[in-house]
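K.L.:
This is data31.csv, which holds CSV, C-alpha atoms:
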```csv
chain,number,residue,atom,x,y,z
A,23,MET,CA,-9.2,-19.8,0.7
A,24,SER,CA,-8.2,-19.6,4.3
A,25,PRO,CA,-5.9,-16.7,5.2
A,26,ASN,CA,-3.7,-19.4,6.9
A,27,ASP,CA,-2.9,-20.9,3.4
A,28,ASN,CA,0.3,-19.3,2.2
A,29,ARG,CA,-0.7,-19.7,-1.5
A,30,ILE,CA,-2.6,-17.3,-3.6
A,31,ASP,CA,-5.2,-18.3,-6.1
A,32,ALA,CA,-5.6,-16.9,-9.7
A,33,ARG,CA,-8.3,-14.5,-8.6
A,34,ASP,CA,-6.2,-12.9,-6.0
A,35,TRP,CA,-3.1,-12.7,-8.2
A,36,SER,CA,-5.2,-10.7,-10.7
A,37,LEU,CA,-6.5,-8.5,-7.8
A,38,LEU,CA,-2.9,-8.0,-6.7
A,39,ALA,CA,-2.0,-6.8,-10.2
A,40,VAL,CA,-4.9,-4.3,-10.1
A,41,LEU,CA,-3.9,-3.1,-6.7
A,42,SER,CA,-0.3,-2.6,-7.8
A,43,VAL,CA,-1.6,-0.2,-10.5
A,44,LEU,CA,-3.8,1.7,-8.1
A,45,TRP,CA,-1.2,2.0,-5.4
A,46,GLY,CA,1.6,2.6,-7.8
A,47,GLY,CA,-0.2,5.8,-9.0
A,48,SER,CA,0.0,7.2,-5.5
A,49,PHE,CA,3.7,8.0,-5.8
A,50,PHE,CA,3.0,10.0,-9.0
A,51,PHE,CA,-0.1,11.7,-7.5
A,52,ASN,CA,1.9,12.6,-4.4
A,53,GLY,CA,4.8,14.0,-6.4
A,54,ALA,CA,2.4,16.2,-8.4
A,55,ALA,CA,0.3,17.4,-5.4
A,56,LEU,CA,3.3,18.2,-3.2
A,57,ARG,CA,4.3,21.0,-5.6
A,58,GLU,CA,1.5,23.2,-4.0
A,59,LEU,CA,0.3,21.3,-0.9
A,60,PRO,CA,2.2,20.6,2.4
A,61,PRO,CA,2.4,16.9,3.1
A,62,LEU,CA,0.1,16.5,6.1
A,63,THR,CA,-2.6,18.5,4.4
A,64,LEU,CA,-2.3,16.3,1.3
A,65,VAL,CA,-2.8,13.2,3.5
A,66,PHE,CA,-5.8,14.8,5.1
A,67,LEU,CA,-7.4,15.5,1.7
A,68,ARG,CA,-6.5,11.9,0.6
A,69,VAL,CA,-8.4,10.2,3.4
A,70,ALA,CA,-11.2,12.7,3.7
A,71,LEU,CA,-12.1,12.6,0.0
A,72,GLY,CA,-11.5,8.8,-0.1
A,73,SER,CA,-14.0,8.2,2.7
A,74,ALA,CA,-16.5,10.7,1.1
A,75,LEU,CA,-16.4,8.7,-2.1
A,76,LEU,CA,-17.2,5.5,-0.3
A,77,LEU,CA,-20.2,6.8,1.6
A,78,PRO,CA,-22.7,6.4,-1.3
A,79,LEU,CA,-21.6,2.8,-1.7
A,80,LEU,CA,-22.2,2.1,2.0
A,81,ARG,CA,-25.7,3.6,1.6
A,82,MET,CA,-26.4,1.5,-1.5
A,83,GLN,CA,-25.3,-1.7,0.3
A,84,GLY,CA,-27.2,-0.8,3.5
A,85,THR,CA,-24.0,-1.2,5.6
A,86,SER,CA,-24.5,-0.3,9.2
A,87,PHE,CA,-22.0,2.0,10.9
A,88,PRO,CA,-20.0,0.8,13.9
A,89,ARG,CA,-21.7,1.5,17.3
A,90,GLY,CA,-20.1,3.2,20.2
A,91,ILE,CA,-16.4,3.4,21.1
A,92,ALA,CA,-16.0,-0.4,21.1
A,93,GLY,CA,-17.3,-0.6,17.6
A,94,TRP,CA,-15.0,2.1,16.2
A,95,LYS,CA,-11.9,1.1,18.2
A,96,PRO,CA,-10.6,-1.5,15.6
A,97,PHE,CA,-11.0,1.0,12.7
A,98,VAL,CA,-9.2,3.8,14.6
A,99,LEU,CA,-6.3,1.4,15.2
A,100,ILE,CA,-6.2,0.2,11.6
A,101,GLY,CA,-6.6,3.8,10.3
A,102,LEU,CA,-3.7,4.9,12.5
A,103,LEU,CA,-1.3,2.1,11.3
A,104,ASN,CA,-2.6,1.8,7.7
A,105,ASN,CA,-3.2,5.4,6.8
A,106,VAL,CA,-2.2,8.1,9.3
A,107,ILE,CA,1.3,6.9,10.1
A,108,PRO,CA,2.5,5.4,6.8
A,109,PHE,CA,0.9,8.0,4.5
A,110,SER,CA,2.3,10.8,6.5
A,111,LEU,CA,5.8,9.3,6.8
A,112,ILE,CA,6.0,8.4,3.1
A,113,VAL,CA,4.7,11.7,1.8
A,114,ILE,CA,7.0,13.7,4.0
A,115,GLY,CA,9.8,11.3,2.9
A,116,GLN,CA,9.0,12.2,-0.7
A,117,THR,CA,9.9,15.8,0.0
A,118,PHE,CA,13.5,14.6,0.6
A,119,ILE,CA,13.9,11.8,-1.9
A,120,PRO,CA,12.7,11.0,-5.5
A,121,SER,CA,9.5,9.0,-6.0
A,122,GLY,CA,11.4,6.1,-7.6
A,123,LEU,CA,13.5,5.6,-4.5
A,124,ALA,CA,10.4,5.9,-2.3
A,125,SER,CA,8.7,3.1,-4.3
A,126,ILE,CA,11.8,0.9,-3.8
A,127,LEU,CA,11.7,1.5,0.0
A,128,ASN,CA,8.0,0.8,0.0
A,129,ALA,CA,8.8,-2.6,-1.5
A,130,THR,CA,10.4,-3.6,1.8
A,131,THR,CA,6.8,-3.9,3.2
A,132,PRO,CA,6.5,-7.7,2.6
A,133,LEU,CA,9.7,-8.3,4.5
A,134,PHE,CA,8.6,-6.3,7.5
A,135,THR,CA,5.2,-8.0,7.3
A,136,VAL,CA,6.8,-11.5,7.3
A,137,ILE,CA,8.8,-10.5,10.4
A,138,VAL,CA,5.9,-8.9,12.3
A,139,MET,CA,3.5,-11.8,11.5
A,140,ALA,CA,6.1,-14.4,12.6
A,141,ALA,CA,7.0,-12.5,15.8
A,142,ALA,CA,3.3,-12.3,16.7
A,143,GLY,CA,2.8,-16.0,16.1
A,144,GLU,CA,0.3,-15.5,13.3
A,145,GLU,CA,2.4,-17.0,10.4
A,146,ALA,CA,5.4,-19.3,10.5
A,147,LEU,CA,8.7,-17.7,9.5
A,148,GLN,CA,9.3,-19.9,6.5
A,149,LEU,CA,12.7,-19.8,4.8
A,150,ARG,CA,11.0,-20.0,1.4
A,151,ARG,CA,9.0,-16.8,2.0
A,152,VAL,CA,11.9,-14.8,3.5
A,153,ALA,CA,14.1,-15.8,0.6
A,154,GLY,CA,11.4,-15.0,-1.9
A,155,VAL,CA,10.8,-11.5,-0.4
A,156,ALA,CA,14.5,-10.8,-0.3
A,157,LEU,CA,14.8,-12.0,-4.0
A,158,GLY,CA,11.9,-9.8,-4.9
A,159,LEU,CA,13.4,-6.7,-3.2
A,160,SER,CA,16.6,-7.3,-5.2
A,161,GLY,CA,14.6,-7.4,-8.3
A,162,VAL,CA,12.9,-4.1,-7.5
A,163,ILE,CA,16.4,-2.5,-7.0
A,164,ILE,CA,17.6,-4.0,-10.4
A,165,LEU,CA,14.4,-2.8,-12.1
A,166,ARG,CA,14.3,0.8,-10.8
A,167,GLY,CA,17.9,1.4,-9.8
A,168,TRP,CA,18.6,3.0,-6.5
A,169,GLY,CA,18.1,6.5,-7.9
A,170,VAL,CA,20.2,7.9,-5.0
A,171,GLU,CA,21.1,11.5,-5.3
A,172,THR,CA,23.2,13.6,-2.9
A,173,ARG,CA,20.7,16.0,-1.4
A,174,ALA,CA,20.0,17.5,2.0
A,175,GLY,CA,17.8,15.3,4.2
A,176,GLN,CA,18.1,12.2,2.0
A,177,GLY,CA,18.9,10.0,4.9
A,178,LEU,CA,15.9,11.3,6.8
A,179,GLY,CA,13.7,10.7,3.8
A,180,ILE,CA,14.9,7.1,3.6
A,181,LEU,CA,14.2,6.5,7.3
A,182,LEU,CA,10.7,8.0,7.0
A,183,CYS,CA,9.8,5.8,4.1
A,184,LEU,CA,11.1,2.7,5.8
A,185,GLY,CA,9.1,3.7,8.9
A,186,GLY,CA,6.0,3.8,6.7
A,187,ALA,CA,6.7,0.3,5.4
A,188,PHE,CA,7.2,-1.0,8.9
A,189,SER,CA,3.8,0.5,10.0
A,190,TYR,CA,2.1,-1.3,7.1
A,191,GLY,CA,3.4,-4.6,8.6
A,192,PHE,CA,1.7,-3.8,11.9
A,193,ALA,CA,-1.4,-2.7,10.1
A,194,ALA,CA,-1.6,-6.1,8.4
A,195,LEU,CA,-1.3,-7.8,11.8
A,196,ALA,CA,-4.0,-5.7,13.4
A,197,ALA,CA,-6.4,-6.2,10.4
A,198,ARG,CA,-5.8,-9.9,10.5
A,199,ARG,CA,-6.7,-10.1,14.2
A,200,LEU,CA,-9.5,-7.5,14.5
A,201,LEU,CA,-11.2,-7.4,11.1
A,202,LYS,CA,-10.9,-10.8,9.6
A,203,ASP,CA,-14.6,-11.3,9.2
A,204,ALA,CA,-15.5,-7.6,8.2
A,205,ALA,CA,-16.7,-6.7,4.8
A,206,PRO,CA,-14.1,-5.1,2.6
A,207,LEU,CA,-16.2,-2.1,1.7
A,208,GLY,CA,-17.1,-1.3,5.3
A,209,THR,CA,-13.5,-1.9,6.5
A,210,ALA,CA,-12.1,0.5,3.8
A,211,ALA,CA,-14.7,3.2,4.5
A,212,PHE,CA,-14.6,3.1,8.3
A,213,GLN,CA,-10.8,3.1,8.6
A,214,LEU,CA,-10.7,6.1,6.2
A,215,MET,CA,-13.3,7.9,8.3
A,216,ALA,CA,-11.4,7.4,11.5
A,217,SER,CA,-8.2,8.5,9.7
A,218,THR,CA,-9.9,11.7,8.5
A,219,VAL,CA,-10.7,12.7,12.1
A,220,MET,CA,-7.1,12.0,13.2
A,221,MET,CA,-5.5,13.8,10.2
A,222,ALA,CA,-7.8,16.8,10.6
A,223,ILE,CA,-6.4,17.3,14.1
A,224,VAL,CA,-2.7,16.7,13.0
A,225,ALA,CA,-2.8,18.8,9.8
A,226,GLY,CA,-4.8,21.5,11.5
A,227,ALA,CA,-2.3,21.8,14.3
A,228,MET,CA,0.8,21.5,12.2
A,229,GLU,CA,0.0,23.2,8.9
A,230,GLN,CA,-3.3,25.2,9.3
A,231,PRO,CA,-4.5,24.3,5.8
A,232,TRP,CA,-7.2,27.0,5.8
A,233,ARG,CA,-4.5,29.6,5.5
A,234,LEU,CA,-3.1,28.1,2.3
A,235,PRO,CA,-3.8,29.5,-1.1
A,236,MET,CA,-6.2,27.6,-3.3
A,237,PRO,CA,-4.4,24.9,-5.4
A,238,GLY,CA,-4.6,24.9,-9.2
A,239,VAL,CA,-6.7,22.5,-11.3
A,240,THR,CA,-3.8,20.2,-11.9
A,241,ILE,CA,-3.2,19.8,-8.2
A,242,TRP,CA,-6.9,19.0,-7.5
A,243,LEU,CA,-6.9,16.4,-10.3
A,244,ALA,CA,-3.9,14.8,-8.6
A,245,VAL,CA,-5.6,14.8,-5.2
A,246,LEU,CA,-8.8,13.3,-6.7
A,247,GLY,CA,-6.8,10.6,-8.4
A,248,LEU,CA,-5.0,9.9,-5.1
A,249,ALA,CA,-8.2,9.8,-3.1
A,250,GLY,CA,-10.5,8.0,-5.6
A,251,LEU,CA,-8.1,5.5,-7.2
A,252,SER,CA,-5.1,5.1,-4.9
A,253,THR,CA,-7.2,5.2,-1.7
A,254,ALA,CA,-11.0,4.5,-1.9
A,255,LEU,CA,-10.9,1.9,-4.7
A,256,ALA,CA,-7.5,0.5,-3.7
A,257,TYR,CA,-8.6,-0.3,-0.1
A,258,ILE,CA,-11.7,-2.2,-1.3
A,259,VAL,CA,-9.4,-4.4,-3.3
A,260,PHE,CA,-6.8,-4.6,-0.5
A,261,PHE,CA,-9.2,-5.8,2.2
A,262,GLN,CA,-10.7,-8.3,-0.3
A,263,ILE,CA,-7.3,-9.9,-0.8
A,264,LEU,CA,-6.5,-9.7,2.9
A,265,ARG,CA,-9.7,-11.5,3.8
A,266,ARG,CA,-9.1,-14.3,1.3
A,267,SER,CA,-5.3,-14.8,1.2
A,268,GLY,CA,-3.8,-13.3,4.3
A,269,ALA,CA,-1.7,-10.4,5.4
A,270,THR,CA,1.7,-11.4,4.1
A,271,ASN,CA,0.3,-12.2,0.7
A,272,VAL,CA,-1.5,-9.0,0.2
A,273,MET,CA,1.6,-7.0,1.0
A,274,LEU,CA,3.4,-8.6,-2.0
A,275,VAL,CA,1.7,-5.9,-4.0
A,276,THR,CA,4.6,-3.6,-3.2
A,277,LEU,CA,6.9,-5.8,-5.2
A,278,LEU,CA,4.6,-5.6,-8.2
A,279,ILE,CA,4.2,-1.8,-8.1
A,280,PRO,CA,7.5,-1.0,-9.9
A,281,VAL,CA,6.8,-3.7,-12.5
A,282,THR,CA,3.3,-2.3,-13.4
A,283,ALA,CA,4.8,1.2,-13.5
A,284,VAL,CA,7.3,0.2,-16.1
A,285,LEU,CA,4.7,-1.8,-18.1
A,286,LEU,CA,2.2,1.1,-18.0
A,287,GLY,CA,4.9,3.5,-19.2
A,288,TRP,CA,5.6,1.1,-22.1
A,289,LEU,CA,1.9,0.5,-23.0
A,290,VAL,CA,0.5,4.0,-22.5
A,291,LEU,CA,3.4,6.4,-23.0
A,292,GLY,CA,5.5,4.3,-25.4
A,293,GLU,CA,8.5,4.4,-23.1
A,294,PRO,CA,11.2,1.9,-24.0
A,295,ILE,CA,12.0,-1.0,-21.6
A,296,SER,CA,15.7,-1.4,-20.9
A,297,MET,CA,17.5,-4.7,-20.4
A,298,ARG,CA,17.9,-3.8,-16.7
A,299,GLU,CA,14.2,-3.3,-16.3
A,300,PHE,CA,13.5,-6.6,-18.1
A,301,ALA,CA,16.0,-8.4,-15.9
A,302,GLY,CA,14.5,-6.9,-12.7
A,303,ALA,CA,11.0,-7.9,-13.8
A,304,ILE,CA,12.1,-11.5,-14.3
A,305,VAL,CA,13.8,-11.6,-10.9
A,306,ILE,CA,10.6,-10.2,-9.2
A,307,GLY,CA,8.5,-12.8,-11.1
A,308,SER,CA,10.8,-15.6,-10.0
A,309,ALA,CA,10.5,-14.3,-6.4
A,310,LEU,CA,6.7,-14.4,-6.5
A,311,LEU,CA,6.9,-18.0,-7.7
A,312,VAL,CA,9.2,-18.9,-4.8
A,313,ILE,CA,6.9,-17.2,-2.3
A,314,ASP,CA,3.8,-18.9,-3.7
A,315,GLY,CA,5.5,-22.3,-3.4
A,316,ARG,CA,3.4,-24.4,-5.8
A,317,VAL,CA,6.1,-24.4,-8.6
A,318,LEU,CA,8.7,-25.6,-6.1
A,319,ASN,CA,6.5,-28.3,-4.9
A,320,LEU,CA,5.8,-29.4,-8.5
A,321,LEU,CA,9.5,-29.5,-9.2
A,322,ARG,CA,10.2,-31.6,-6.1
A,323,ARG,CA,7.6,-34.2,-7.2
A,324,VAL,CA,9.0,-34.3,-10.8
A,325,VAL,CA,12.6,-34.7,-9.5
```
Starting from the file, give its structure as structure tokens.
P.N.:
Amino acid sequence: MSPNDNRIDARDWSLLAVLSVLWGGSFFFNGAALRELPPLTLVFLRVALGSALLLPLLRMQGTSFPRGIAGWKPFVLIGLLNNVIPFSLIVIGQTFIPSGLASILNATTPLFTVIVMAAAGEEALQLRRVAGVALGLSGVIILRGWGVETRAGQGLGILLCLGGAFSYGFAALAARRLLKDAAPLGTAAFQLMASTVMMAIVAGAMEQPWRLPMPGVTIWLAVLGLAGLSTALAYIVFFQILRRSGATNVMLVTLLIPVTAVLLGWLVLGEPISMREFAGAIVIGSALLVIDGRVLNLLRRVV
């Protein structure tokens, strides 16, 4: 399927569901790891371990590394917009606001992506897509609730998380233009490698992680989950969807993340599903149908 096609096929819908589980876990892993690790050090460990986990796969596939500054330049830009800036802003934001509110703010990513792609002339600003994203965001709010608490720095935390979502929109545009023909595995690995170098400089200058006490086993498990599942594996899936279905469509995953979190809590932990959560999930599902467009076209033909 061409990325210019605004529809998503069944395969990519299933991949979006998988990606929503992988990225949804990042808010949990962040919340756990932040108990003993400062935010920028956590981001550095996330991208460094994530890239290290992908190195053996690159070797197995015989993927060649980029050559020279020109070869690495696209991956540096993608790493900056897709990892360094949003990861840092969101994880710092989570030190001020609850994880649930952070996930709601993260769900604004498709709206920012629609605006950025339209402003850049990459995708038309279709009323159907804007309305669908807005409907989906309202569904996320219904499902999760605002979760707003009066605490110091809450406004700053909200702005930081929104800044991270905005950066994801620009990352999607850059990946669309610079890496549309690149293999998903190589793209995921090389952008994480570039991000590792940048975060080593930032975290080293700001937090001096070598001076920190050694974290406990639970914290390391959270970091490994963040790096292996929510980063390395997630980005392979992400760039696969981006290559097939386009930038705006892949960012719809942020609307699905709260739904999968609720469903996993019900299936794995036996947590009850409230009527509010059920209603929110229905609204989000309706929004995704509006964005996809095929159901609306079918209804027009029937009518």
K.L.:
Between A:Ala254, A:Leu133, A:Val69, A:Leu181, which has the minimum distance to A:Phe118 (counting all atoms listed in the file)?
P.N.:
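Among the listed residues, the smallest separation from A:Phe118 belongs to A:Leu181.
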K.L.:
What does the distance between atom CA of A:Asn104 and atom CA of A:Tyr190 come to in Å, to one decimal place?
P.N.:
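Computed distance, atom CA of A:Asn104 to atom CA of A:Tyr190, equals 5.7 Å.
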K.L.:
For A:Phe109, find every residue with an atom within 10 Å (counting all atoms listed in the file), except residues of its own chain fewer than 5 positions away, and show them as a tab-separated table (two decimals) with C-alpha atoms, in the coordinates of the input.
P.N.:
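Just written: out-v5.tsv:
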```tsv
chain	number	residue	atom	x	y	z
A	61	PRO	CA	2.40	16.90	3.10
A	62	LEU	CA	0.10	16.50	6.10
A	64	LEU	CA	-2.30	16.30	1.30
A	65	VAL	CA	-2.80	13.20	3.50
A	66	PHE	CA	-5.80	14.80	5.10
A	68	ARG	CA	-6.50	11.90	0.60
A	69	VAL	CA	-8.40	10.20	3.40
A	102	LEU	CA	-3.70	4.90	12.50
A	103	LEU	CA	-1.30	2.10	11.30
A	104	ASN	CA	-2.60	1.80	7.70
A	114	ILE	CA	7.00	13.70	4.00
A	115	GLY	CA	9.80	11.30	2.90
A	183	CYS	CA	9.80	5.80	4.10
A	186	GLY	CA	6.00	3.80	6.70
A	187	ALA	CA	6.70	0.30	5.40
A	189	SER	CA	3.80	0.50	10.00
A	190	TYR	CA	2.10	-1.30	7.10
```
K.L.:
Give as a list in words the set of residues within 12 Å of the point (-16.7, -12.1, 8.1), where distances use the file's coordinates and all atoms listed in the file.
P.N.:
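Protein and nucleic acid residues near the point are Ser24, Arg198, Arg199, Leu200, Leu201, Lys202, Asp203, Ala204, Ala205, Pro206, Leu207, Gly208, Thr209, Phe261, Gln262, Leu264, Arg265 and Arg266 of chain A.
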K.L.:
Excluding stretch 244-249 of chain A and its own-chain neighbours fewer than 3 positions away, which residues fall within 7 Å of it when counting only C-alpha atoms? Please give them as a PDB file with C-alpha atoms, keeping the file's coordinate frame.
P.N.:
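Output below, filename selection_20.pdb:
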```pdb
ATOM      1  CA  SER A  48       0.000   7.200  -5.500  1.00  0.00           C
ATOM      2  CA  PHE A  51      -0.100  11.700  -7.500  1.00  0.00           C
ATOM      3  CA  ALA A  54       2.400  16.200  -8.400  1.00  0.00           C
ATOM      4  CA  ALA A  55       0.300  17.400  -5.400  1.00  0.00           C
ATOM      5  CA  ARG A  68      -6.500  11.900   0.600  1.00  0.00           C
ATOM      6  CA  VAL A  69      -8.400  10.200   3.400  1.00  0.00           C
ATOM      7  CA  LEU A  71     -12.100  12.600   0.000  1.00  0.00           C
ATOM      8  CA  GLY A  72     -11.500   8.800  -0.100  1.00  0.00           C
ATOM      9  CA  THR A 240      -3.800  20.200 -11.900  1.00  0.00           C
ATOM     10  CA  ILE A 241      -3.200  19.800  -8.200  1.00  0.00           C
ATOM     11  CA  SER A 252      -5.100   5.100  -4.900  1.00  0.00           C
ATOM     12  CA  THR A 253      -7.200   5.200  -1.700  1.00  0.00           C
ATOM     13  CA  ALA A 254     -11.000   4.500  -1.900  1.00  0.00           C
TER      14      ALA A 254
END
```
K.L.:
Please identify all polymer residues lying at most 12 Å from the point (-5.8, -6.5, 17.0) (file coordinates), using all atoms listed in the file, and present the result as a short mmCIF file (atom, residue, chain, number, x, y, z; two decimals) with C-alpha atoms, in the coordinates of the input.
P.N.:
```
data_model
loop_
_atom_site.label_atom_id
_atom_site.label_comp_id
_atom_site.auth_asym_id
_atom_site.auth_seq_id
_atom_site.Cartn_x
_atom_site.Cartn_y
_atom_site.Cartn_z
CA LYS A 95 -11.90 1.10 18.20
CA PRO A 96 -10.60 -1.50 15.60
CA PHE A 97 -11.00 1.00 12.70
CA VAL A 98 -9.20 3.80 14.60
CA LEU A 99 -6.30 1.40 15.20
CA ILE A 100 -6.20 0.20 11.60
CA LEU A 103 -1.30 2.10 11.30
CA ALA A 142 3.30 -12.30 16.70
CA GLU A 144 0.30 -15.50 13.30
CA PHE A 192 1.70 -3.80 11.90
CA ALA A 193 -1.40 -2.70 10.10
CA ALA A 194 -1.60 -6.10 8.40
CA LEU A 195 -1.30 -7.80 11.80
CA ALA A 196 -4.00 -5.70 13.40
CA ALA A 197 -6.40 -6.20 10.40
CA ARG A 198 -5.80 -9.90 10.50
CA ARG A 199 -6.70 -10.10 14.20
CA LEU A 200 -9.50 -7.50 14.50
CA LEU A 201 -11.20 -7.40 11.10
CA LYS A 202 -10.90 -10.80 9.60
#
```
